[in-house]
$ cat query.pdb   # PDB, C-alpha atoms (C1' of nucleotides)
ATOM      1  CA  MET A 203    -105.080  20.533-219.301
ATOM      2  CA  SER A 204    -101.924  18.486-218.958
ATOM      3  CA  GLU A 205    -100.251  16.751-221.828
ATOM      4  CA  THR A 206    -101.292  13.311-223.023
ATOM      5  CA  PHE A 207     -99.553  10.594-225.044
ATOM      6  CA  GLY A 208    -100.429   7.890-227.542
ATOM      7  CA  ILE A 209     -99.250   4.325-227.093
ATOM      8  CA  ALA A 210     -96.829   4.373-230.014
ATOM      9  CA  GLU A 211     -95.353   7.613-228.729
ATOM     10  CA  LEU A 212     -94.605   6.207-225.293
ATOM     11  CA  ALA A 213     -93.409   2.882-226.660
ATOM     12  CA  LYS A 214     -90.929   4.696-228.855
ATOM     13  CA  GLU A 215     -89.741   6.926-226.020
ATOM     14  CA  PHE A 216     -88.964   3.959-223.805
ATOM     15  CA  GLY A 217     -87.658   1.718-226.543
ATOM     16  CA  VAL A 218     -90.285  -1.013-226.262
ATOM     17  CA  THR A 219     -93.144  -2.269-228.426
ATOM     18  CA  THR A 220     -96.789  -1.320-228.026
ATOM     19  CA  ARG A 221     -97.396  -4.947-227.103
ATOM     20  CA  THR A 222     -95.162  -4.447-224.107
ATOM     21  CA  VAL A 223     -97.014  -1.325-222.996
ATOM     22  CA  ARG A 224    -100.352  -3.145-223.225
ATOM     23  CA  PHE A 225     -98.888  -6.085-221.370
ATOM     24  CA  TYR A 226     -97.946  -3.814-218.481
ATOM     25  CA  GLU A 227    -101.521  -2.598-218.433
ATOM     26  CA  ASP A 228    -102.776  -6.202-218.242
ATOM     27  CA  LYS A 229    -100.504  -6.672-215.246
ATOM     28  CA  GLY A 230    -102.039  -3.614-213.587
ATOM     29  CA  LEU A 231     -98.881  -1.517-213.726
ATOM     30  CA  ILE A 232    -100.513   1.334-215.647
ATOM     31  CA  SER A 233    -104.127   2.344-216.203
ATOM     32  CA  PRO A 234    -104.521   4.694-219.159
ATOM     33  CA  VAL A 235    -107.846   6.401-219.818
ATOM     34  CA  ARG A 236    -109.869   5.397-222.886
ATOM     35  CA  GLU A 237    -110.983   7.792-225.566
ATOM     36  CA  GLY A 238    -113.407   5.635-227.505
ATOM     37  CA  GLN A 239    -111.411   2.469-227.898
ATOM     38  CA  ARG A 240    -108.017   4.119-227.772
ATOM     39  CA  ARG A 241    -105.696   4.407-224.812
ATOM     40  CA  ILE A 242    -104.696   7.863-223.669
ATOM     41  CA  TYR A 243    -101.679   8.093-221.395
ATOM     42  CA  SER A 244    -101.199  10.824-218.803
ATOM     43  CA  PRO A 245     -97.900  12.204-217.473
ATOM     44  CA  ARG A 246     -98.539  10.026-214.424
ATOM     45  CA  ASP A 247     -98.652   6.918-216.615
ATOM     46  CA  ARG A 248     -95.427   8.069-218.170
ATOM     47  CA  VAL A 249     -93.754   8.373-214.784
ATOM     48  CA  ARG A 250     -94.905   4.867-213.984
ATOM     49  CA  LEU A 251     -93.408   3.588-217.187
ATOM     50  CA  ARG A 252     -90.159   5.233-216.227
ATOM     51  CA  LEU A 253     -90.281   3.469-212.855
ATOM     52  CA  ILE A 254     -91.026   0.172-214.564
ATOM     53  CA  MET A 255     -88.007   0.540-216.844
ATOM     54  CA  ARG A 256     -85.753   1.387-213.956
ATOM     55  CA  GLY A 257     -87.039  -1.648-212.086
ATOM     56  CA  LYS A 258     -86.283  -3.822-215.074
ATOM     57  CA  ARG A 259     -82.758  -2.465-215.330
ATOM     58  CA  LEU A 260     -82.335  -3.486-211.698
ATOM     59  CA  GLY A 261     -83.459  -7.021-212.518
ATOM     60  CA  LEU A 262     -86.842  -6.928-210.798
ATOM     61  CA  SER A 263     -89.795  -8.996-211.957
ATOM     62  CA  LEU A 264     -92.975  -7.211-212.993
ATOM     63  CA  ASP A 265     -94.653  -8.442-209.818
ATOM     64  CA  GLU A 266     -91.923  -6.895-207.688
ATOM     65  CA  ILE A 267     -92.181  -3.699-209.682
ATOM     66  CA  ALA A 268     -95.933  -3.664-209.121
ATOM     67  CA  ASP A 269     -95.370  -3.937-205.368
ATOM     68  CA  LEU A 270     -92.893  -1.073-205.442
ATOM     69  CA  ILE A 271     -95.120   1.179-207.500
ATOM     70  CA  ASN A 272     -97.991   0.535-205.154
ATOM     71  CA  LEU A 273     -95.817   1.822-202.328
ATOM     72  CA  TYR A 274     -96.384   5.301-203.711
ATOM     73  CA  ASP A 275    -100.145   4.856-203.584
ATOM     74  CA  VAL A 276    -100.507   3.620-200.016
ATOM     75  CA  ASP A 277    -103.110   5.396-197.959
ATOM     76  CA  PRO A 278    -101.468   6.553-194.722
ATOM     77  CA  SER A 279    -104.558   6.473-192.565
ATOM     78  CA  GLU A 280    -103.917   3.348-190.519
ATOM     79  CA  VAL A 281    -101.023   3.323-188.085
ATOM     80  CA  THR A 282    -100.427  -0.406-188.373
ATOM     81  CA  GLN A 283    -100.352  -0.190-192.156
ATOM     82  CA  LEU A 284     -97.917   2.666-191.875
ATOM     83  CA  LYS A 285     -95.619   0.586-189.693
ATOM     84  CA  GLN A 286     -95.710  -2.355-192.077
ATOM     85  CA  PHE A 287     -95.051   0.052-194.880
ATOM     86  CA  ILE A 288     -91.924   1.346-193.182
ATOM     87  CA  ASP A 289     -90.709  -2.222-192.737
ATOM     88  CA  VAL A 290     -91.201  -2.922-196.418
ATOM     89  CA  ILE A 291     -89.236   0.188-197.313
ATOM     90  CA  ARG A 292     -86.390  -0.842-195.036
ATOM     91  CA  GLU A 293     -86.257  -4.293-196.574
ATOM     92  CA  ARG A 294     -86.101  -2.763-200.017
ATOM     93  CA  LYS A 295     -83.310  -0.469-198.883
ATOM     94  CA  ALA A 296     -81.332  -3.413-197.560
ATOM     95  CA  VAL A 297     -81.693  -5.254-200.862
ATOM     96  CA  LEU A 298     -80.655  -2.181-202.806
ATOM     97  CA  LYS A 299     -77.600  -1.677-200.626
ATOM     98  CA  ALA A 300     -76.567  -5.287-201.101
ATOM     99  CA  GLN A 301     -76.981  -4.872-204.813
ATOM    100  CA  LYS A 302     -74.878  -1.744-204.695
ATOM    101  CA  ARG A 303     -72.108  -3.688-202.996
ATOM    102  CA  ASP A 304     -72.310  -6.356-205.712
ATOM    103  CA  ILE A 305     -71.953  -3.662-208.323
ATOM    104  CA  GLU A 306     -68.981  -2.081-206.622
ATOM    105  CA  GLU A 307     -67.287  -5.466-206.392
ATOM    106  CA  SER A 308     -67.923  -6.082-210.065
ATOM    107  CA  LEU A 309     -66.672  -2.642-211.001
ATOM    108  CA  ALA A 310     -63.488  -3.204-209.039
ATOM    109  CA  GLU A 311     -62.896  -6.489-210.840
ATOM    110  CA  MET A 312     -63.543  -4.903-214.217
ATOM    111  CA  ASP A 313     -61.024  -2.203-213.351
ATOM    112  CA  ARG A 314     -58.421  -4.824-212.467
ATOM    113  CA  LEU A 315     -59.079  -6.724-215.657
ATOM    114  CA  GLU A 316     -58.912  -3.579-217.753
ATOM    115  CA  LYS A 317     -55.606  -2.563-216.227
ATOM    116  CA  GLN A 318     -54.108  -5.998-216.780
ATOM    117  CA  CYS A 319     -55.185  -5.766-220.390
ATOM    118  CA  THR A 320     -53.911  -2.289-221.066
ATOM    119  CA  THR A 321     -50.592  -3.178-219.451
ATOM    120  CA  LEU A 322     -50.288  -6.321-221.551
ATOM    121  CA  LEU A 323     -51.287  -4.398-224.618
ATOM    122  CA  SER A 324     -48.730  -1.645-224.155
ATOM    123  CA  GLN A 325     -46.012  -4.240-223.553
ATOM    124  CA  LYS A 326     -46.912  -6.028-226.746
ATOM    125  CA  GLN A 327     -47.062  -2.829-228.735
ATOM    126  CA  SER A 328     -43.755  -1.436-227.445
ATOM    127  CA  ARG A 329     -42.133  -4.736-228.334
ATOM    128  CA  SER A 330     -43.246  -4.593-231.960
TER     129      SER A 330
ATOM    130  CA  MET B 118     -54.739 -31.834-202.791
ATOM    131  CA  SER B 119     -57.256 -29.040-202.679
ATOM    132  CA  GLU B 120     -60.696 -29.400-201.213
ATOM    133  CA  THR B 121     -63.607 -30.763-203.217
ATOM    134  CA  PHE B 122     -67.381 -30.528-202.822
ATOM    135  CA  GLY B 123     -70.480 -32.589-203.523
ATOM    136  CA  ILE B 124     -73.442 -31.224-205.385
ATOM    137  CA  ALA B 125     -75.780 -31.152-202.399
ATOM    138  CA  GLU B 126     -73.121 -29.383-200.371
ATOM    139  CA  LEU B 127     -72.714 -26.572-202.897
ATOM    140  CA  ALA B 128     -76.443 -26.315-203.556
ATOM    141  CA  LYS B 129     -77.057 -25.840-199.852
ATOM    142  CA  GLU B 130     -74.282 -23.286-199.510
ATOM    143  CA  PHE B 131     -75.720 -21.118-202.284
ATOM    144  CA  GLY B 132     -79.347 -21.676-201.423
ATOM    145  CA  VAL B 133     -80.374 -23.407-204.639
ATOM    146  CA  THR B 134     -81.460 -26.919-205.617
ATOM    147  CA  THR B 135     -79.208 -29.567-207.107
ATOM    148  CA  ARG B 136     -81.326 -29.289-210.242
ATOM    149  CA  THR B 137     -80.182 -25.688-210.548
ATOM    150  CA  VAL B 138     -76.522 -26.608-210.191
ATOM    151  CA  ARG B 139     -76.859 -29.262-212.895
ATOM    152  CA  PHE B 140     -78.710 -26.800-215.074
ATOM    153  CA  TYR B 141     -75.779 -24.390-214.859
ATOM    154  CA  GLU B 142     -73.533 -27.220-215.973
ATOM    155  CA  ASP B 143     -75.791 -27.876-218.986
ATOM    156  CA  LYS B 144     -75.418 -24.213-219.848
ATOM    157  CA  GLY B 145     -71.649 -24.541-219.719
ATOM    158  CA  LEU B 146     -71.212 -22.288-216.696
ATOM    159  CA  ILE B 147     -69.406 -24.913-214.616
ATOM    160  CA  SER B 148     -67.607 -28.151-215.513
ATOM    161  CA  PRO B 149     -67.159 -30.431-212.521
ATOM    162  CA  VAL B 150     -64.990 -33.521-212.759
ATOM    163  CA  ARG B 151     -66.630 -36.960-212.608
ATOM    164  CA  GLU B 152     -65.730 -39.637-210.107
ATOM    165  CA  GLY B 153     -67.551 -42.636-211.558
ATOM    166  CA  GLN B 154     -70.939 -41.151-212.282
ATOM    167  CA  ARG B 155     -70.813 -38.491-209.593
ATOM    168  CA  ARG B 156     -69.895 -34.856-209.976
ATOM    169  CA  ILE B 157     -66.969 -33.535-207.972
ATOM    170  CA  TYR B 158     -66.686 -29.766-207.624
ATOM    171  CA  SER B 159     -63.401 -27.925-207.184
ATOM    172  CA  PRO B 160     -62.825 -24.613-205.400
ATOM    173  CA  ARG B 161     -62.724 -23.069-208.874
ATOM    174  CA  ASP B 162     -66.221 -24.362-209.599
ATOM    175  CA  ARG B 163     -67.297 -22.876-206.301
ATOM    176  CA  VAL B 164     -65.892 -19.484-207.234
ATOM    177  CA  ARG B 165     -67.796 -19.681-210.498
ATOM    178  CA  LEU B 166     -70.990 -20.448-208.663
ATOM    179  CA  ARG B 167     -70.378 -17.393-206.514
ATOM    180  CA  LEU B 168     -69.954 -15.296-209.651
ATOM    181  CA  ILE B 169     -73.142 -16.762-211.105
ATOM    182  CA  MET B 170     -75.119 -15.851-207.996
ATOM    183  CA  ARG B 171     -73.786 -12.331-208.001
ATOM    184  CA  GLY B 172     -74.712 -12.015-211.647
ATOM    185  CA  LYS B 173     -78.220 -13.169-210.875
ATOM    186  CA  ARG B 174     -78.573 -10.664-208.065
ATOM    187  CA  LEU B 175     -77.644  -8.009-210.604
ATOM    188  CA  GLY B 176     -80.406  -9.217-212.915
ATOM    189  CA  LEU B 177     -78.205 -10.756-215.600
ATOM    190  CA  SER B 178     -79.324 -13.666-217.756
ATOM    191  CA  LEU B 179     -77.334 -16.889-217.657
ATOM    192  CA  ASP B 180     -76.047 -16.145-221.158
ATOM    193  CA  GLU B 181     -74.738 -12.763-220.025
ATOM    194  CA  ILE B 182     -73.193 -14.387-216.978
ATOM    195  CA  ALA B 183     -71.510 -16.953-219.217
ATOM    196  CA  ASP B 184     -69.998 -14.149-221.295
ATOM    197  CA  LEU B 185     -68.713 -12.435-218.182
ATOM    198  CA  ILE B 186     -67.227 -15.573-216.707
ATOM    199  CA  ASN B 187     -65.474 -16.289-219.973
ATOM    200  CA  LEU B 188     -63.794 -12.891-219.679
ATOM    201  CA  TYR B 189     -61.598 -14.389-216.998
ATOM    202  CA  ASP B 190     -60.517 -17.200-219.305
ATOM    203  CA  VAL B 191     -59.527 -15.147-222.327
ATOM    204  CA  ASP B 192     -56.141 -15.954-223.763
ATOM    205  CA  PRO B 193     -54.209 -12.679-224.095
ATOM    206  CA  SER B 194     -52.016 -13.726-227.011
ATOM    207  CA  GLU B 195     -53.640 -11.781-229.835
ATOM    208  CA  VAL B 196     -53.474  -7.991-229.771
ATOM    209  CA  THR B 197     -56.749  -7.532-231.630
ATOM    210  CA  GLN B 198     -58.544  -9.871-229.255
ATOM    211  CA  LEU B 199     -57.052  -7.946-226.380
ATOM    212  CA  LYS B 200     -58.401  -4.693-227.767
ATOM    213  CA  GLN B 201     -61.877  -6.132-228.263
ATOM    214  CA  PHE B 202     -61.682  -7.503-224.780
ATOM    215  CA  ILE B 203     -60.945  -4.067-223.363
ATOM    216  CA  ASP B 204     -63.938  -2.675-225.223
ATOM    217  CA  VAL B 205     -66.189  -5.336-223.760
ATOM    218  CA  ILE B 206     -64.953  -4.518-220.286
ATOM    219  CA  ARG B 207     -65.608  -0.826-220.800
ATOM    220  CA  GLU B 208     -69.133  -1.538-221.990
ATOM    221  CA  ARG B 209     -69.772  -3.647-218.930
ATOM    222  CA  LYS B 210     -68.405  -0.884-216.727
ATOM    223  CA  ALA B 211     -70.742   1.631-218.341
ATOM    224  CA  VAL B 212     -73.742  -0.623-217.736
ATOM    225  CA  LEU B 213     -72.717  -1.191-214.143
ATOM    226  CA  LYS B 214     -72.322   2.525-213.540
ATOM    227  CA  ALA B 215     -75.757   3.202-214.996
ATOM    228  CA  GLN B 216     -77.183   0.528-212.762
ATOM    229  CA  LYS B 217     -75.453   2.092-209.788
ATOM    230  CA  ARG B 218     -77.116   5.404-210.590
ATOM    231  CA  ASP B 219     -80.494   3.677-210.778
ATOM    232  CA  ILE B 220     -79.876   2.186-207.373
ATOM    233  CA  GLU B 221     -78.862   5.473-205.860
ATOM    234  CA  GLU B 222     -81.996   7.105-207.249
ATOM    235  CA  SER B 223     -84.121   4.329-205.813
ATOM    236  CA  LEU B 224     -82.386   4.553-202.467
ATOM    237  CA  ALA B 225     -82.983   8.298-202.335
ATOM    238  CA  GLU B 226     -86.660   7.771-203.035
ATOM    239  CA  MET B 227     -86.928   5.078-200.404
ATOM    240  CA  ASP B 228     -85.314   7.463-197.919
ATOM    241  CA  ARG B 229     -87.840  10.179-198.759
ATOM    242  CA  LEU B 230     -90.712   7.741-198.407
ATOM    243  CA  GLU B 231     -89.411   6.417-195.132
ATOM    244  CA  LYS B 232     -89.053   9.899-193.683
ATOM    245  CA  GLN B 233     -92.548  10.864-194.769
ATOM    246  CA  CYS B 234     -93.838   7.774-193.062
ATOM    247  CA  THR B 235     -91.942   8.177-189.821
ATOM    248  CA  THR B 236     -93.028  11.816-189.637
ATOM    249  CA  LEU B 237     -96.649  10.882-190.226
ATOM    250  CA  LEU B 238     -96.391   8.085-187.719
ATOM    251  CA  SER B 239     -94.956  10.234-184.966
ATOM    252  CA  GLN B 240     -97.669  12.841-185.555
ATOM    253  CA  LYS B 241    -100.369  10.236-185.276
ATOM    254  CA  GLN B 242     -98.852   8.726-182.170
ATOM    255  CA  SER B 243     -98.342  12.042-180.360
ATOM    256  CA  ARG B 244    -101.944  12.911-181.103
ATOM    257  CA  SER B 245    -103.304   9.772-179.474
TER     258      SER B 245
ATOM    259  C1'  DT C 209    -116.194   5.645-251.334
ATOM    260  C1'  DC C 210    -111.609   3.962-251.248
ATOM    261  C1'  DG C 211    -107.596   3.303-248.958
ATOM    262  C1'  DC C 212    -104.196   4.450-245.570
ATOM    263  C1'  DT C 213    -102.651   4.961-240.800
ATOM    264  C1'  DA C 214    -103.049   4.061-236.226
ATOM    265  C1'  DC C 215    -104.996   1.798-233.152
ATOM    266  C1'  DT C 216    -107.777  -2.329-231.113
ATOM    267  C1'  DT C 217    -108.803  -7.428-229.281
ATOM    268  C1'  DT C 218    -107.976 -12.333-229.394
ATOM    269  C1'  DA C 219    -105.022 -15.899-229.229
ATOM    270  C1'  DC C 220    -101.410 -19.028-230.089
ATOM    271  C1'  DG C 221     -96.107 -19.287-229.904
ATOM    272  C1'  DT C 222     -91.568 -18.904-227.553
ATOM    273  C1'  DA C 223     -87.224 -18.479-224.763
ATOM    274  C1'  DA C 224     -85.339 -18.635-220.174
ATOM    275  C1'  DA C 225     -84.814 -20.804-215.832
ATOM    276  C1'  DC C 226     -85.739 -23.853-213.515
ATOM    277  C1'  DG C 227     -89.604 -27.519-210.949
ATOM    278  C1'  DT C 228     -90.981 -32.052-210.586
ATOM    279  C1'  DA C 229     -91.645 -36.751-211.087
ATOM    280  C1'  DA C 230     -89.889 -41.368-212.577
ATOM    281  C1'  DA C 231     -86.631 -44.830-212.707
ATOM    282  C1'  DG C 232     -82.023 -46.540-212.165
ATOM    283  C1'  DC C 233     -76.895 -46.947-209.991
ATOM    284  C1'  DT C 234     -73.771 -47.526-205.885
ATOM    285  C1'  DC C 235     -72.084 -47.707-201.609
ATOM    286  C1'  DC C 236     -72.719 -48.659-196.816
ATOM    287  C1'  DC C 237     -74.794 -50.485-192.719
ATOM    288  C1'  DC C 238     -77.288 -53.853-190.125
TER     289       DC C 238
ATOM    290  C1'  DG D  25     -79.182 -59.319-198.850
ATOM    291  C1'  DG D  26     -82.475 -55.790-197.884
ATOM    292  C1'  DG D  27     -82.865 -51.115-197.543
ATOM    293  C1'  DG D  28     -81.720 -46.363-197.110
ATOM    294  C1'  DA D  29     -78.965 -42.179-198.577
ATOM    295  C1'  DG D  30     -77.212 -39.828-202.146
ATOM    296  C1'  DC D  31     -76.425 -39.410-206.391
ATOM    297  C1'  DT D  32     -77.577 -40.062-211.619
ATOM    298  C1'  DT D  33     -80.256 -39.402-216.375
ATOM    299  C1'  DT D  34     -84.458 -38.557-218.950
ATOM    300  C1'  DA D  35     -88.188 -35.915-219.823
ATOM    301  C1'  DC D  36     -92.323 -33.455-219.459
ATOM    302  C1'  DG D  37     -94.429 -29.260-216.890
ATOM    303  C1'  DT D  38     -94.544 -24.294-215.408
ATOM    304  C1'  DT D  39     -93.981 -19.311-214.951
ATOM    305  C1'  DT D  40     -92.514 -14.910-216.800
ATOM    306  C1'  DA D  41     -92.375 -11.582-220.322
ATOM    307  C1'  DC D  42     -93.265 -10.753-223.994
ATOM    308  C1'  DG D  43     -93.400 -11.916-229.869
ATOM    309  C1'  DT D  44     -96.263 -12.513-233.635
ATOM    310  C1'  DA D  45     -99.959 -13.068-236.643
ATOM    311  C1'  DA D  46    -104.973 -12.402-237.718
ATOM    312  C1'  DA D  47    -108.903  -9.818-238.038
ATOM    313  C1'  DG D  48    -111.632  -5.866-236.829
ATOM    314  C1'  DT D  49    -112.533  -0.563-236.023
ATOM    315  C1'  DA D  50    -112.217   4.480-236.463
ATOM    316  C1'  DG D  51    -110.778   8.700-238.468
ATOM    317  C1'  DC D  52    -108.968  11.261-242.388
ATOM    318  C1'  DG D  53    -107.458  12.831-246.875
ATOM    319  C1'  DA D  54    -107.886  12.298-252.108
TER     320       DA D  54
END
$ encode --input "query.pdb" --output "structure tokens"
Amino acid sequence: MSETFGIAELAKEFGVTTRTVRFYEDKGLISPVREGQRRIYSPRDRVRLRLIMRGKRLGLSLDEIADLINLYDVDPSEVTQLKQFIDVIRERKAVLKAQKRDIEESLAEMDRLEKQCTTLLSQKQSRS
Amino acid sequence: MSETFGIAELAKEFGVTTRTVRFYEDKGLISPVREGQRRIYSPRDRVRLRLIMRGKRLGLSLDEIADLINLYDVDPSEVTQLKQFIDVIRERKAVLKAQKRDIEESLAEMDRLEKQCTTLLSQKQSRS
DNA sequence: TCGCTACTTTACGTAAACGTAAAGCTCCCC
DNA sequence: GGGGAGCTTTACGTTTACGTAAAGTAGCGA
């Protein structure tokens, strides 16, 4: 038997409330098993939560995250579906690459700003 | 005299509505000059809009974007402020680097998925 | 059996980021 | 001078992503 988790346990691990975890279930992002009335989370649910959190850090909406997660569950039986699937993946890759460029631009600017500041600071401190 | 822009012009350039541009003004992100009742945007306002859009692509809230934009306007007279400023920049850099890692992870996964799909697809097509 | 802890459902509230009328100026052209 | 075109303010509506009670249930130890 593989390990299972309670809702409070997972919420704590990912730094969210139990309300949030239930909300993600309402949105169809995770589907824990029930033991009586209680939710029991599998390692698979935990992986999904990890994907959700990463998506949120990247600024995606829950709907977009749902689409992405469902990519992993696509049934590869139909050739046309498979082709569409590949297109979706390529679009996602393009968006991610654009985002990466934005980040690199921002990082470069932050570096410039930091250097200006440290230079200014050392001037001021050597003058005192 | 440097170039100026109308609201519709800028909205079109950045792919948003005029309502959005005015909303950013309400939030204090841009401060166009008035000519009578009309808003006149300077190249500086345009640069700010560009920064706002980049921030949004990175998933930042307008409040976070406001903080970032204000980084460029900090007066470097006080040494303590300068030190705090450097700390803020370093925090931002750390967040950006984490986000970059997330993106690279996602990109790697998308690559794996795409390869699985293309392999599957070529198998199916050679078999037909 | 009491009470505590950990969960549950139901449901109203809220902040952010705009959308969407509605109604009014102002300039310009015919 | 009538009417667009393009802007303005005012203000209520909407979606997303939860927060926050309120009230009930289920097990467990004293």
$ residues_around --input "query.pdb" --residues "segment 41-45 of chain D" --least-positions-apart "5" --cutoff "8 Å" --atoms "all atoms listed in the file" --output "number ranges by chain"
A: 221-222, 225; C: 221-222
$ write_last_selection --input "query.pdb" --atoms "C-alpha atoms (C1' of nucleotides)" --output "PDB file, keeping the file's coordinate frame"
ATOM      1  CA  ARG A 221     -97.396  -4.947-227.103  1.00  0.00           C
ATOM      2  CA  THR A 222     -95.162  -4.447-224.107  1.00  0.00           C
ATOM      3  CA  PHE A 225     -98.888  -6.085-221.370  1.00  0.00           C
TER       4      PHE A 225
ATOM      5  C1'  DG C 221     -96.107 -19.287-229.904  1.00  0.00           C
ATOM      6  C1'  DT C 222     -91.568 -18.904-227.553  1.00  0.00           C
TER       7       DT C 222
END
$ interface_residues --input "query.pdb" --of "chain A" --to "chain B" --cutoff "7 Å" --atoms "all atoms listed in the file" --output "count of residues only"
19
$ resolve_selection --input "query.pdb" --expression "the PyMOL selection byres ((chain C) within 10 of (chain B))" --output "number ranges by chain"
C: 224-227, 233-234
$ interface_residues --input "query.pdb" --of "chain D" --to "chain B" --cutoff "10 Å" --atoms "all atoms listed in the file" --output "ChimeraX atom specification"
/D:30-32
$ axis_aligned_box --input "query.pdb" --around "segment 122-140 of chain B" --padding-each-side "8 Å" --output "AutoDock Vina command-line options"
--center_x -74.4 --center_y -26.9 --center_z -207.3 --size_x 30.1 --size_y 27.5 --size_z 31.6
$ atom_distance --input "query.pdb" --atom1 "atom CA of Val138 of chain B" --atom2 "atom CA of Leu166 of chain B"
8.4 Å
$ build_atoms --input "query.pdb" --residues "segment 299-314 of chain A" --atoms "N, CA and C atoms" --output "tab-separated table (two decimals), keeping the file's coordinate frame"
chain	number	residue	atom	x	y	z
A	299	LYS	N	-78.97	-1.88	-201.09
A	299	LYS	CA	-77.60	-1.68	-200.63
A	299	LYS	C	-76.73	-2.89	-200.93
A	300	ALA	N	-77.31	-4.07	-200.77
A	300	ALA	CA	-76.57	-5.29	-201.10
A	300	ALA	C	-76.22	-5.30	-202.58
A	301	GLN	N	-77.20	-4.91	-203.38
A	301	GLN	CA	-76.98	-4.87	-204.81
A	301	GLN	C	-75.90	-3.86	-205.18
A	302	LYS	N	-75.90	-2.77	-204.46
A	302	LYS	CA	-74.88	-1.74	-204.70
A	302	LYS	C	-73.49	-2.29	-204.38
A	303	ARG	N	-73.40	-3.07	-203.33
A	303	ARG	CA	-72.11	-3.69	-203.00
A	303	ARG	C	-71.67	-4.64	-204.10
A	304	ASP	N	-72.63	-5.45	-204.59
A	304	ASP	CA	-72.31	-6.36	-205.71
A	304	ASP	C	-71.76	-5.58	-206.90
A	305	ILE	N	-72.39	-4.46	-207.18
A	305	ILE	CA	-71.95	-3.66	-208.32
A	305	ILE	C	-70.56	-3.11	-208.10
A	306	GLU	N	-70.30	-2.63	-206.89
A	306	GLU	CA	-68.98	-2.08	-206.62
A	306	GLU	C	-67.89	-3.15	-206.70
A	307	GLU	N	-68.22	-4.35	-206.23
A	307	GLU	CA	-67.29	-5.47	-206.39
A	307	GLU	C	-67.00	-5.72	-207.86
A	308	SER	N	-68.08	-5.80	-208.63
A	308	SER	CA	-67.92	-6.08	-210.06
A	308	SER	C	-67.12	-5.00	-210.75
A	309	LEU	N	-67.40	-3.76	-210.41
A	309	LEU	CA	-66.67	-2.64	-211.00
A	309	LEU	C	-65.19	-2.73	-210.68
A	310	ALA	N	-64.88	-3.09	-209.44
A	310	ALA	CA	-63.49	-3.20	-209.04
A	310	ALA	C	-62.79	-4.30	-209.86
A	311	GLU	N	-63.48	-5.40	-210.04
A	311	GLU	CA	-62.90	-6.49	-210.84
A	311	GLU	C	-62.69	-6.08	-212.29
A	312	MET	N	-63.67	-5.37	-212.83
A	312	MET	CA	-63.54	-4.90	-214.22
A	312	MET	C	-62.35	-3.95	-214.35
A	313	ASP	N	-62.17	-3.11	-213.34
A	313	ASP	CA	-61.02	-2.20	-213.35
A	313	ASP	C	-59.71	-2.99	-213.36
A	314	ARG	N	-59.62	-3.99	-212.51
A	314	ARG	CA	-58.42	-4.82	-212.47
A	314	ARG	C	-58.16	-5.47	-213.81
